[in-house]
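Below: coords.cif (mmCIF, N, CA and C atoms and all ligand atoms)
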```cif
data_coords
loop_
_atom_site.label_atom_id
_atom_site.label_comp_id
_atom_site.auth_asym_id
_atom_site.auth_seq_id
_atom_site.Cartn_x
_atom_site.Cartn_y
_atom_site.Cartn_z
N MET A 31 -95.65 157.63 48.10
CA MET A 31 -95.05 158.96 47.99
C MET A 31 -93.54 158.84 48.06
N ALA A 32 -92.86 159.61 47.19
CA ALA A 32 -91.41 159.53 47.11
C ALA A 32 -90.77 160.17 48.33
N SER A 33 -89.74 159.54 48.82
CA SER A 33 -89.02 160.10 49.95
C SER A 33 -88.11 161.23 49.48
N GLU A 34 -87.57 161.96 50.45
CA GLU A 34 -86.65 163.06 50.09
C GLU A 34 -85.44 162.55 49.33
N SER A 35 -84.93 161.39 49.73
CA SER A 35 -83.73 160.87 49.05
C SER A 35 -84.07 160.43 47.62
N GLU A 36 -85.30 159.90 47.39
CA GLU A 36 -85.67 159.51 46.03
C GLU A 36 -85.81 160.74 45.13
N ARG A 37 -86.39 161.80 45.68
CA ARG A 37 -86.49 163.03 44.89
C ARG A 37 -85.10 163.58 44.57
N ALA A 38 -84.21 163.53 45.53
CA ALA A 38 -82.84 164.01 45.31
C ALA A 38 -82.14 163.17 44.26
N ALA A 39 -82.52 161.91 44.14
CA ALA A 39 -81.88 161.03 43.16
C ALA A 39 -82.52 161.14 41.78
N GLY A 40 -83.43 162.05 41.60
CA GLY A 40 -83.99 162.27 40.29
C GLY A 40 -85.30 161.56 40.04
N HIS A 41 -85.93 161.03 41.09
CA HIS A 41 -87.18 160.31 40.92
C HIS A 41 -88.40 161.21 41.13
N ALA A 42 -88.17 162.48 41.34
CA ALA A 42 -89.30 163.40 41.54
C ALA A 42 -90.05 163.59 40.22
N ARG A 43 -91.32 163.93 40.30
CA ARG A 43 -92.12 164.14 39.10
C ARG A 43 -91.58 165.34 38.32
N GLN A 44 -91.78 165.30 36.99
CA GLN A 44 -91.29 166.39 36.16
C GLN A 44 -92.12 167.64 36.37
N SER A 45 -91.45 168.74 36.42
CA SER A 45 -92.11 170.02 36.55
C SER A 45 -92.50 170.53 35.17
N PRO A 46 -93.68 171.10 35.02
CA PRO A 46 -94.05 171.65 33.71
C PRO A 46 -93.15 172.81 33.31
N ARG A 47 -92.38 173.35 34.26
CA ARG A 47 -91.49 174.47 33.93
C ARG A 47 -90.15 173.99 33.38
N GLN A 48 -89.91 172.68 33.35
CA GLN A 48 -88.63 172.20 32.81
C GLN A 48 -88.57 172.49 31.31
N SER A 49 -87.40 172.83 30.85
CA SER A 49 -87.21 173.05 29.42
C SER A 49 -87.27 171.70 28.70
N VAL A 50 -87.42 171.79 27.37
CA VAL A 50 -87.46 170.56 26.57
C VAL A 50 -86.19 169.76 26.77
N GLU A 51 -85.02 170.46 26.79
CA GLU A 51 -83.74 169.76 26.97
C GLU A 51 -83.70 169.01 28.30
N GLU A 52 -84.27 169.62 29.35
CA GLU A 52 -84.23 168.97 30.65
C GLU A 52 -85.13 167.73 30.69
N ARG A 53 -86.18 167.70 29.85
CA ARG A 53 -87.09 166.56 29.87
C ARG A 53 -86.66 165.45 28.92
N LEU A 54 -85.75 165.75 28.00
CA LEU A 54 -85.31 164.71 27.06
C LEU A 54 -84.48 163.66 27.78
N PRO A 55 -84.58 162.41 27.36
CA PRO A 55 -83.75 161.38 27.98
C PRO A 55 -82.28 161.63 27.66
N THR A 56 -81.43 161.15 28.52
CA THR A 56 -79.99 161.30 28.31
C THR A 56 -79.59 160.53 27.06
N PRO A 57 -78.87 161.17 26.12
CA PRO A 57 -78.47 160.44 24.91
C PRO A 57 -77.47 159.35 25.25
N PRO A 58 -77.40 158.31 24.42
CA PRO A 58 -76.43 157.25 24.68
C PRO A 58 -75.02 157.80 24.54
N PRO A 59 -74.08 157.21 25.23
CA PRO A 59 -72.70 157.71 25.12
C PRO A 59 -72.18 157.54 23.70
N ALA A 60 -71.29 158.44 23.30
CA ALA A 60 -70.68 158.35 21.97
C ALA A 60 -69.85 157.06 21.88
N PRO A 61 -69.78 156.47 20.68
CA PRO A 61 -68.97 155.26 20.55
C PRO A 61 -67.52 155.55 20.87
N ILE A 62 -66.87 154.59 21.46
CA ILE A 62 -65.46 154.73 21.80
C ILE A 62 -64.63 154.15 20.67
N LEU A 63 -63.80 154.97 20.10
CA LEU A 63 -62.92 154.53 19.02
C LEU A 63 -61.53 154.34 19.61
N ILE A 64 -60.90 153.28 19.23
CA ILE A 64 -59.60 152.98 19.81
C ILE A 64 -58.59 152.67 18.72
N ARG A 65 -57.35 152.87 19.01
CA ARG A 65 -56.27 152.51 18.10
C ARG A 65 -55.03 152.24 18.92
N PRO A 66 -54.06 151.55 18.34
CA PRO A 66 -52.85 151.24 19.09
C PRO A 66 -52.10 152.51 19.48
N ARG A 67 -51.21 152.40 20.47
CA ARG A 67 -50.43 153.56 20.90
C ARG A 67 -49.51 154.07 19.81
N THR A 68 -48.98 153.19 19.01
CA THR A 68 -48.09 153.63 17.95
C THR A 68 -48.92 153.96 16.72
N ASP A 69 -48.57 155.02 16.07
CA ASP A 69 -49.24 155.38 14.82
C ASP A 69 -48.44 154.81 13.68
N ALA A 70 -48.59 153.53 13.43
CA ALA A 70 -47.81 152.87 12.38
C ALA A 70 -48.08 153.51 11.03
N VAL A 71 -49.32 153.87 10.80
CA VAL A 71 -49.68 154.58 9.56
C VAL A 71 -50.39 155.86 9.98
N PRO A 72 -49.66 156.97 10.06
CA PRO A 72 -50.31 158.23 10.46
C PRO A 72 -51.44 158.57 9.51
N ALA A 73 -52.50 159.15 10.05
CA ALA A 73 -53.68 159.48 9.24
C ALA A 73 -53.32 160.37 8.06
N GLU A 74 -52.29 161.20 8.23
CA GLU A 74 -51.90 162.11 7.14
C GLU A 74 -51.39 161.35 5.91
N THR A 75 -50.95 160.12 6.11
CA THR A 75 -50.41 159.35 4.99
C THR A 75 -51.44 158.41 4.37
N ARG A 76 -52.68 158.52 4.83
CA ARG A 76 -53.73 157.65 4.29
C ARG A 76 -53.93 157.90 2.80
N GLU A 77 -53.89 156.85 2.02
CA GLU A 77 -54.10 156.91 0.57
C GLU A 77 -55.50 156.46 0.18
N GLY A 78 -56.22 155.91 1.12
CA GLY A 78 -57.55 155.35 0.89
C GLY A 78 -57.71 154.16 1.83
N VAL A 79 -58.61 153.27 1.50
CA VAL A 79 -58.75 152.01 2.24
C VAL A 79 -58.53 150.87 1.26
N PHE A 80 -57.62 149.99 1.60
CA PHE A 80 -57.28 148.87 0.73
C PHE A 80 -57.47 147.56 1.49
N VAL A 81 -57.96 146.57 0.78
CA VAL A 81 -58.04 145.23 1.37
C VAL A 81 -57.07 144.35 0.59
N HIS A 82 -56.22 143.71 1.35
CA HIS A 82 -55.23 142.78 0.78
C HIS A 82 -55.68 141.38 1.14
N SER A 83 -55.95 140.58 0.13
CA SER A 83 -56.37 139.20 0.36
C SER A 83 -55.17 138.29 0.08
N PHE A 84 -54.92 137.39 1.01
CA PHE A 84 -53.79 136.46 0.89
C PHE A 84 -54.30 135.03 0.97
N MET A 85 -53.62 134.14 0.24
CA MET A 85 -53.80 132.70 0.40
C MET A 85 -52.42 132.13 0.65
N CYS A 86 -52.29 131.41 1.75
CA CYS A 86 -51.01 130.81 2.11
C CYS A 86 -50.77 129.57 1.24
N ASN A 87 -49.61 129.54 0.59
CA ASN A 87 -49.28 128.37 -0.24
C ASN A 87 -48.95 127.14 0.60
N GLU A 88 -48.61 127.33 1.86
CA GLU A 88 -48.23 126.21 2.73
C GLU A 88 -49.44 125.50 3.31
N CYS A 89 -50.38 126.27 3.85
CA CYS A 89 -51.51 125.64 4.55
C CYS A 89 -52.85 125.94 3.90
N GLY A 90 -52.89 126.85 2.93
CA GLY A 90 -54.12 127.13 2.22
C GLY A 90 -55.03 128.14 2.88
N LEU A 91 -54.62 128.72 4.01
CA LEU A 91 -55.47 129.69 4.70
C LEU A 91 -55.72 130.92 3.83
N HIS A 92 -56.97 131.38 3.83
CA HIS A 92 -57.35 132.64 3.19
C HIS A 92 -57.51 133.67 4.31
N PHE A 93 -56.93 134.85 4.14
CA PHE A 93 -57.15 135.91 5.13
C PHE A 93 -57.02 137.27 4.47
N ASN A 94 -57.67 138.27 5.08
CA ASN A 94 -57.67 139.64 4.57
C ASN A 94 -57.01 140.56 5.58
N LEU A 95 -56.27 141.52 5.06
CA LEU A 95 -55.69 142.60 5.86
C LEU A 95 -56.16 143.91 5.27
N TYR A 96 -56.49 144.86 6.13
CA TYR A 96 -56.93 146.17 5.66
C TYR A 96 -55.84 147.18 5.95
N SER A 97 -55.67 148.14 5.06
CA SER A 97 -54.62 149.14 5.23
C SER A 97 -55.06 150.46 4.62
N TRP A 98 -54.48 151.54 5.14
CA TRP A 98 -54.71 152.86 4.56
C TRP A 98 -53.72 153.15 3.45
N GLN A 99 -52.77 152.27 3.23
CA GLN A 99 -51.76 152.47 2.19
C GLN A 99 -51.79 151.32 1.21
N ALA A 100 -51.65 151.65 -0.07
CA ALA A 100 -51.79 150.65 -1.12
C ALA A 100 -50.72 149.56 -1.06
N ASN A 101 -49.51 149.92 -0.69
CA ASN A 101 -48.40 148.95 -0.77
C ASN A 101 -47.80 148.60 0.57
N ARG A 102 -48.52 148.84 1.64
CA ARG A 102 -47.97 148.54 2.97
C ARG A 102 -47.92 147.03 3.23
N GLN A 103 -48.90 146.30 2.79
CA GLN A 103 -48.94 144.85 3.03
C GLN A 103 -48.40 144.13 1.81
N ARG A 104 -47.37 143.29 2.00
CA ARG A 104 -46.71 142.60 0.91
C ARG A 104 -46.50 141.15 1.30
N THR A 105 -46.26 140.30 0.32
CA THR A 105 -46.04 138.88 0.63
C THR A 105 -44.80 138.68 1.48
N ASP A 106 -43.83 139.58 1.38
CA ASP A 106 -42.62 139.41 2.17
C ASP A 106 -42.69 140.06 3.55
N THR A 107 -43.84 140.67 3.90
CA THR A 107 -43.95 141.26 5.24
C THR A 107 -45.01 140.58 6.10
N VAL A 108 -45.90 139.78 5.52
CA VAL A 108 -46.97 139.19 6.32
C VAL A 108 -46.57 137.82 6.85
N TYR A 109 -47.23 137.43 7.92
CA TYR A 109 -47.10 136.11 8.52
C TYR A 109 -48.44 135.41 8.34
N CYS A 110 -48.42 134.13 8.01
CA CYS A 110 -49.66 133.38 7.96
C CYS A 110 -50.16 133.20 9.39
N PRO A 111 -51.38 133.65 9.69
CA PRO A 111 -51.89 133.51 11.06
C PRO A 111 -52.20 132.07 11.45
N GLU A 112 -52.21 131.14 10.49
CA GLU A 112 -52.50 129.75 10.81
C GLU A 112 -51.22 128.95 11.04
N CYS A 113 -50.29 128.99 10.07
CA CYS A 113 -49.09 128.14 10.18
C CYS A 113 -47.82 128.95 10.49
N GLY A 114 -47.87 130.27 10.43
CA GLY A 114 -46.72 131.09 10.77
C GLY A 114 -45.74 131.31 9.62
N GLN A 115 -46.01 130.77 8.46
CA GLN A 115 -45.12 130.93 7.32
C GLN A 115 -44.85 132.42 7.07
N HIS A 116 -43.56 132.76 6.86
CA HIS A 116 -43.17 134.16 6.65
C HIS A 116 -42.10 134.24 5.55
N ALA A 117 -42.18 133.32 4.61
CA ALA A 117 -41.18 133.27 3.55
C ALA A 117 -41.73 133.85 2.24
N GLY A 118 -42.85 134.54 2.31
CA GLY A 118 -43.40 135.18 1.12
C GLY A 118 -44.18 134.25 0.21
N ARG A 119 -44.45 133.03 0.66
CA ARG A 119 -45.17 132.07 -0.19
C ARG A 119 -46.68 132.24 -0.02
N PHE A 120 -47.18 133.30 -0.64
CA PHE A 120 -48.61 133.63 -0.62
C PHE A 120 -49.04 134.04 -2.01
N ARG A 121 -50.31 133.86 -2.31
CA ARG A 121 -50.93 134.56 -3.43
C ARG A 121 -51.57 135.81 -2.83
N HIS A 122 -51.52 136.92 -3.55
CA HIS A 122 -51.89 138.22 -2.99
C HIS A 122 -52.76 139.00 -3.97
N TRP A 123 -53.90 139.45 -3.50
CA TRP A 123 -54.80 140.30 -4.28
C TRP A 123 -54.99 141.60 -3.52
N ARG A 124 -55.29 142.67 -4.22
CA ARG A 124 -55.56 143.95 -3.56
C ARG A 124 -56.77 144.61 -4.19
N GLY A 125 -57.64 145.11 -3.35
CA GLY A 125 -58.79 145.89 -3.80
C GLY A 125 -58.83 147.20 -3.04
N GLN A 126 -59.44 148.21 -3.63
CA GLN A 126 -59.57 149.50 -2.96
C GLN A 126 -61.02 149.70 -2.56
N LEU A 127 -61.25 149.92 -1.27
CA LEU A 127 -62.60 150.06 -0.74
C LEU A 127 -63.02 151.52 -0.59
N SER A 128 -62.06 152.42 -0.44
CA SER A 128 -62.36 153.85 -0.29
C SER A 128 -61.23 154.64 -0.91
N GLU A 129 -61.57 155.75 -1.55
CA GLU A 129 -60.56 156.62 -2.15
C GLU A 129 -60.31 157.86 -1.29
N LEU A 130 -60.96 157.95 -0.14
CA LEU A 130 -60.78 159.12 0.72
C LEU A 130 -59.37 159.13 1.30
N THR A 131 -58.65 160.21 1.07
CA THR A 131 -57.28 160.32 1.57
C THR A 131 -57.26 161.00 2.94
N GLY A 132 -56.12 160.93 3.59
CA GLY A 132 -55.95 161.61 4.87
C GLY A 132 -56.19 163.10 4.75
N GLU A 133 -55.75 163.68 3.66
CA GLU A 133 -55.94 165.12 3.44
C GLU A 133 -57.43 165.46 3.35
N GLN A 134 -58.19 164.62 2.64
CA GLN A 134 -59.63 164.88 2.50
C GLN A 134 -60.34 164.75 3.84
N LEU A 135 -59.83 163.89 4.71
CA LEU A 135 -60.50 163.67 5.99
C LEU A 135 -60.28 164.82 6.97
N HIS A 136 -59.45 165.78 6.61
CA HIS A 136 -59.28 166.97 7.45
C HIS A 136 -60.33 168.03 7.15
N THR A 137 -61.23 167.74 6.20
CA THR A 137 -62.31 168.67 5.90
C THR A 137 -63.62 168.11 6.46
N ARG A 138 -64.54 169.00 6.74
CA ARG A 138 -65.84 168.58 7.27
C ARG A 138 -66.55 167.65 6.28
N SER A 139 -66.52 167.99 4.99
CA SER A 139 -67.20 167.15 4.00
C SER A 139 -66.50 165.79 3.87
N GLY A 140 -65.17 165.76 4.02
CA GLY A 140 -64.44 164.49 3.96
C GLY A 140 -64.78 163.59 5.13
N ARG A 141 -64.86 164.18 6.33
CA ARG A 141 -65.22 163.37 7.50
C ARG A 141 -66.64 162.84 7.37
N GLN A 142 -67.54 163.66 6.85
CA GLN A 142 -68.91 163.20 6.66
C GLN A 142 -68.95 162.07 5.63
N ALA A 143 -68.17 162.22 4.56
CA ALA A 143 -68.12 161.17 3.54
C ALA A 143 -67.60 159.87 4.15
N MET A 144 -66.61 159.97 5.05
CA MET A 144 -66.06 158.77 5.68
C MET A 144 -67.12 158.08 6.53
N LEU A 145 -67.90 158.87 7.27
CA LEU A 145 -68.92 158.27 8.14
C LEU A 145 -70.00 157.55 7.33
N ASN A 146 -70.21 157.99 6.08
CA ASN A 146 -71.24 157.36 5.25
C ASN A 146 -70.67 156.32 4.28
N ALA A 147 -69.36 156.22 4.19
CA ALA A 147 -68.75 155.35 3.18
C ALA A 147 -68.85 153.87 3.56
N PRO A 148 -69.28 153.05 2.63
CA PRO A 148 -69.37 151.61 2.93
C PRO A 148 -68.01 150.93 2.97
N GLY A 149 -66.96 151.57 2.46
CA GLY A 149 -65.66 150.93 2.36
C GLY A 149 -64.73 151.17 3.52
N GLU A 150 -65.17 151.86 4.57
CA GLU A 150 -64.27 152.10 5.69
C GLU A 150 -64.02 150.81 6.47
N VAL A 151 -62.84 150.69 7.02
CA VAL A 151 -62.42 149.45 7.68
C VAL A 151 -63.38 149.08 8.81
N TYR A 152 -63.83 150.07 9.56
CA TYR A 152 -64.69 149.75 10.70
C TYR A 152 -66.00 149.09 10.28
N ARG A 153 -66.36 149.20 8.99
CA ARG A 153 -67.57 148.51 8.52
C ARG A 153 -67.29 147.04 8.18
N HIS A 154 -66.03 146.67 8.05
CA HIS A 154 -65.65 145.31 7.65
C HIS A 154 -65.03 144.51 8.79
N CYS A 155 -64.44 145.20 9.74
CA CYS A 155 -63.76 144.51 10.83
C CYS A 155 -64.14 145.17 12.14
N PRO A 156 -64.76 144.42 13.04
CA PRO A 156 -65.06 143.00 12.93
C PRO A 156 -66.09 142.72 11.84
N ALA A 157 -66.06 141.51 11.33
CA ALA A 157 -67.01 141.10 10.31
C ALA A 157 -68.43 141.27 10.85
N PRO A 158 -69.35 141.72 10.00
CA PRO A 158 -70.74 141.87 10.47
C PRO A 158 -71.26 140.58 11.11
N GLY A 159 -71.81 140.73 12.28
CA GLY A 159 -72.36 139.58 12.99
C GLY A 159 -71.37 138.84 13.86
N ALA A 160 -70.08 139.21 13.80
CA ALA A 160 -69.08 138.52 14.61
C ALA A 160 -69.22 138.91 16.07
N GLY A 161 -68.97 137.98 16.97
CA GLY A 161 -69.04 138.24 18.40
C GLY A 161 -67.66 138.43 19.00
N LEU A 162 -67.57 139.27 20.00
CA LEU A 162 -66.30 139.51 20.69
C LEU A 162 -65.92 138.26 21.48
N MET A 163 -64.70 137.81 21.31
CA MET A 163 -64.25 136.57 21.95
C MET A 163 -63.66 136.84 23.33
N ALA A 164 -63.70 135.82 24.16
CA ALA A 164 -63.26 135.94 25.55
C ALA A 164 -61.77 136.21 25.66
N ASP A 165 -60.98 135.88 24.64
CA ASP A 165 -59.54 136.13 24.74
C ASP A 165 -59.16 137.53 24.29
N SER A 166 -60.14 138.39 24.03
CA SER A 166 -59.86 139.77 23.64
C SER A 166 -59.26 140.54 24.80
N SER A 167 -58.54 141.59 24.47
CA SER A 167 -57.94 142.45 25.48
C SER A 167 -58.07 143.90 25.02
N VAL A 168 -58.24 144.80 25.96
CA VAL A 168 -58.22 146.22 25.65
C VAL A 168 -56.96 146.86 26.22
N GLU A 169 -56.11 146.05 26.81
CA GLU A 169 -54.87 146.59 27.38
C GLU A 169 -54.04 147.25 26.29
N GLY A 170 -53.58 148.43 26.56
CA GLY A 170 -52.72 149.14 25.61
C GLY A 170 -53.45 149.98 24.60
N LEU A 171 -54.76 150.00 24.61
CA LEU A 171 -55.52 150.81 23.66
C LEU A 171 -55.93 152.12 24.30
N ARG A 172 -56.18 153.12 23.48
CA ARG A 172 -56.59 154.42 23.99
C ARG A 172 -57.74 154.95 23.15
N GLU A 173 -58.50 155.84 23.76
CA GLU A 173 -59.63 156.42 23.05
C GLU A 173 -59.13 157.53 22.13
N VAL A 174 -59.70 157.61 20.94
CA VAL A 174 -59.34 158.67 19.99
C VAL A 174 -60.57 159.03 19.19
N SER A 175 -60.45 160.07 18.42
CA SER A 175 -61.51 160.39 17.47
C SER A 175 -61.18 159.69 16.16
N HIS A 176 -61.98 159.91 15.12
CA HIS A 176 -61.71 159.27 13.84
C HIS A 176 -60.36 159.68 13.31
N LEU A 177 -59.94 160.90 13.55
CA LEU A 177 -58.61 161.38 13.12
C LEU A 177 -58.00 162.17 14.23
ZN ZN B 201 -50.22 129.11 6.33
#
```
Just give me the structure of the file as structure tokens.
Ligand SMILES: [Zn+2]
Amino acid sequence: MASESERAAGHARQSPRQSVEERLPTPPPAPILIRPRTDAVPAETREGVFVHSFMCNECGLHFNLYSWQANRQRTDTVYCPECGQHAGRFRHWRGQLSELTGEQLHTRSGRQAMLNAPGEVYRHCPAPGAGLMADSSVEGLREVSHL
């Protein structure tokens, strides 16, 4: 038989008078979305989702950068994450993954389209199946909504 403290902690049997909502299990918490403190690219200036693929001419590293602006990432602004080269010696490709603009995302239908779109950055980074590494940090990040 449950003690008074167990009943107080929610272990008492369910009453048939409980509403459906009261008997439903607690839903999982909403996902936490985070972004840096600085809004380097304000959502209002979003032109879509672009992937910039680079190959470093010095060390041969291939890497991708994602951006909401078509021309934000350039060979003269990126650093090679492997060798540190910053002299613009890269080959550069650009693809567009989503055409949803910041203006469209201020509408209910635009936000719904974003949640279903395969080209949104959150579907590509982290790469599917990638594990969070021990050197990760959440310092300096804050919770936000999609916009
Ligand atoms: Zn390099």
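The list of residues with at least one atom within 5 Å of segment 130-136 of chain A, based on all atoms listed in the file and without residues fewer than 6 positions apart in the same chain, reads Ala73, Glu74, Arg76, Glu77 and Gly78 of chain A.
As for atom C of Cys110 of chain A and atom C of Leu91 of chain A, they are spaced 8.2 Å apart.
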Produce a table with one row for each residue of chain A that has an atom at most 8 Å from any atom of ligand ZN 201 (chain B), each row naming the nearest atom pair and its distance in Å at one decimal; use all atoms listed in the file; arrange rows by chain and rising residue number; format as CSV.
```
residue,atom,partner,partner_atom,distance
A:Met85,C,B:ZN201,ZN,6.8
A:Cys86,CA,B:ZN201,ZN,4.6
A:Asn87,N,B:ZN201,ZN,5.8
A:Glu88,C,B:ZN201,ZN,4.8
A:Cys89,N,B:ZN201,ZN,3.8
A:Gly90,N,B:ZN201,ZN,4.9
A:Leu91,N,B:ZN201,ZN,5.0
A:His92,N,B:ZN201,ZN,7.5
A:Tyr109,C,B:ZN201,ZN,6.8
A:Cys110,CA,B:ZN201,ZN,4.6
A:Pro111,N,B:ZN201,ZN,5.8
A:Glu112,C,B:ZN201,ZN,4.8
A:Cys113,N,B:ZN201,ZN,3.7
A:Gly114,N,B:ZN201,ZN,4.9
A:Gln115,N,B:ZN201,ZN,5.0
A:His116,N,B:ZN201,ZN,7.6
A:Arg119,C,B:ZN201,ZN,7.9
```
Selection export as a tab-separated table (two decimals), keeping the file's coordinate frame, atoms kept: N, CA and C atoms:
```tsv
chain	number	residue	atom	x	y	z
A	85	MET	N	-53.62	134.14	0.24
A	85	MET	CA	-53.80	132.70	0.40
A	85	MET	C	-52.42	132.13	0.65
A	86	CYS	N	-52.29	131.41	1.75
A	86	CYS	CA	-51.01	130.81	2.11
A	86	CYS	C	-50.77	129.57	1.24
A	87	ASN	N	-49.61	129.54	0.59
A	87	ASN	CA	-49.28	128.37	-0.24
A	87	ASN	C	-48.95	127.14	0.60
A	88	GLU	N	-48.61	127.33	1.86
A	88	GLU	CA	-48.23	126.21	2.73
A	88	GLU	C	-49.44	125.50	3.31
A	89	CYS	N	-50.38	126.27	3.85
A	89	CYS	CA	-51.51	125.64	4.55
A	89	CYS	C	-52.85	125.94	3.90
A	90	GLY	N	-52.89	126.85	2.93
A	90	GLY	CA	-54.12	127.13	2.22
A	90	GLY	C	-55.03	128.14	2.88
A	91	LEU	N	-54.62	128.72	4.01
A	91	LEU	CA	-55.47	129.69	4.70
A	91	LEU	C	-55.72	130.92	3.83
A	92	HIS	N	-56.97	131.38	3.83
A	92	HIS	CA	-57.35	132.64	3.19
A	92	HIS	C	-57.51	133.67	4.31
A	109	TYR	N	-47.23	137.43	7.92
A	109	TYR	CA	-47.10	136.11	8.52
A	109	TYR	C	-48.44	135.41	8.34
A	110	CYS	N	-48.42	134.13	8.01
A	110	CYS	CA	-49.66	133.38	7.96
A	110	CYS	C	-50.16	133.20	9.39
A	111	PRO	N	-51.38	133.65	9.69
A	111	PRO	CA	-51.89	133.51	11.06
A	111	PRO	C	-52.20	132.07	11.45
A	112	GLU	N	-52.21	131.14	10.49
A	112	GLU	CA	-52.50	129.75	10.81
A	112	GLU	C	-51.22	128.95	11.04
A	113	CYS	N	-50.29	128.99	10.07
A	113	CYS	CA	-49.09	128.14	10.18
A	113	CYS	C	-47.82	128.95	10.49
A	114	GLY	N	-47.87	130.27	10.43
A	114	GLY	CA	-46.72	131.09	10.77
A	114	GLY	C	-45.74	131.31	9.62
A	115	GLN	N	-46.01	130.77	8.46
A	115	GLN	CA	-45.12	130.93	7.32
A	115	GLN	C	-44.85	132.42	7.07
A	116	HIS	N	-43.56	132.76	6.86
A	116	HIS	CA	-43.17	134.16	6.65
A	116	HIS	C	-42.10	134.24	5.55
A	119	ARG	N	-44.45	133.03	0.66
A	119	ARG	CA	-45.17	132.07	-0.19
A	119	ARG	C	-46.68	132.24	-0.02
```
Residue with smallest distance to Leu95 of chain A - pool A:Ser167, A:Gln142, A:Ser83, A:Thr75, counting only C-alpha atoms: A:Ser83
Could you list, as a list in words, every residue within 8 Å of segment 146-154 of chain A, counting only C-alpha atoms and ignoring same-chain residues fewer than 3 positions away?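 Selected residues are Val79, Tyr96, Leu127, Ser128, Gln142, Ala143, Ala157 and Pro158 of chain A.
Going from atom C of Phe80 of chain A over to atom CA of Arg124 of chain A, you cover 6.5 Å.
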Need the shell around Ser97 of chain A: protein/DNA/RNA residues with any atom at most 8 Å away, counting only C-alpha atoms. Skip same-chain ones fewer than 3 positions apart. Format as a tab-separated table (two decimals) with N, CA and C atoms, in the coordinates of the input?
```tsv
chain	number	residue	atom	x	y	z
A	79	VAL	N	-58.61	153.27	1.50
A	79	VAL	CA	-58.75	152.01	2.24
A	79	VAL	C	-58.53	150.87	1.26
A	80	PHE	N	-57.62	149.99	1.60
A	80	PHE	CA	-57.28	148.87	0.73
A	80	PHE	C	-57.47	147.56	1.49
A	81	VAL	N	-57.96	146.57	0.78
A	81	VAL	CA	-58.04	145.23	1.37
A	81	VAL	C	-57.07	144.35	0.59
A	82	HIS	N	-56.22	143.71	1.35
A	82	HIS	CA	-55.23	142.78	0.78
A	82	HIS	C	-55.68	141.38	1.14
A	100	ALA	N	-51.65	151.65	-0.07
A	100	ALA	CA	-51.79	150.65	-1.12
A	100	ALA	C	-50.72	149.56	-1.06
A	102	ARG	N	-48.52	148.84	1.64
A	102	ARG	CA	-47.97	148.54	2.97
A	102	ARG	C	-47.92	147.03	3.23
A	103	GLN	N	-48.90	146.30	2.79
A	103	GLN	CA	-48.94	144.85	3.03
A	103	GLN	C	-48.40	144.13	1.81
```
In Å and to one decimal, atom CA of Gly125 of chain A is distant from atom CA of Asn94 of chain A by 10.5 Å
Using only C-alpha atoms, pick whichever of A:Ala117, A:Met144, A:Leu54, A:Ala160 has the shortest atom-to-atom distance to Glu129 of chain A.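 Among the listed residues, A:Met144 lies closest to Glu129 of chain A.
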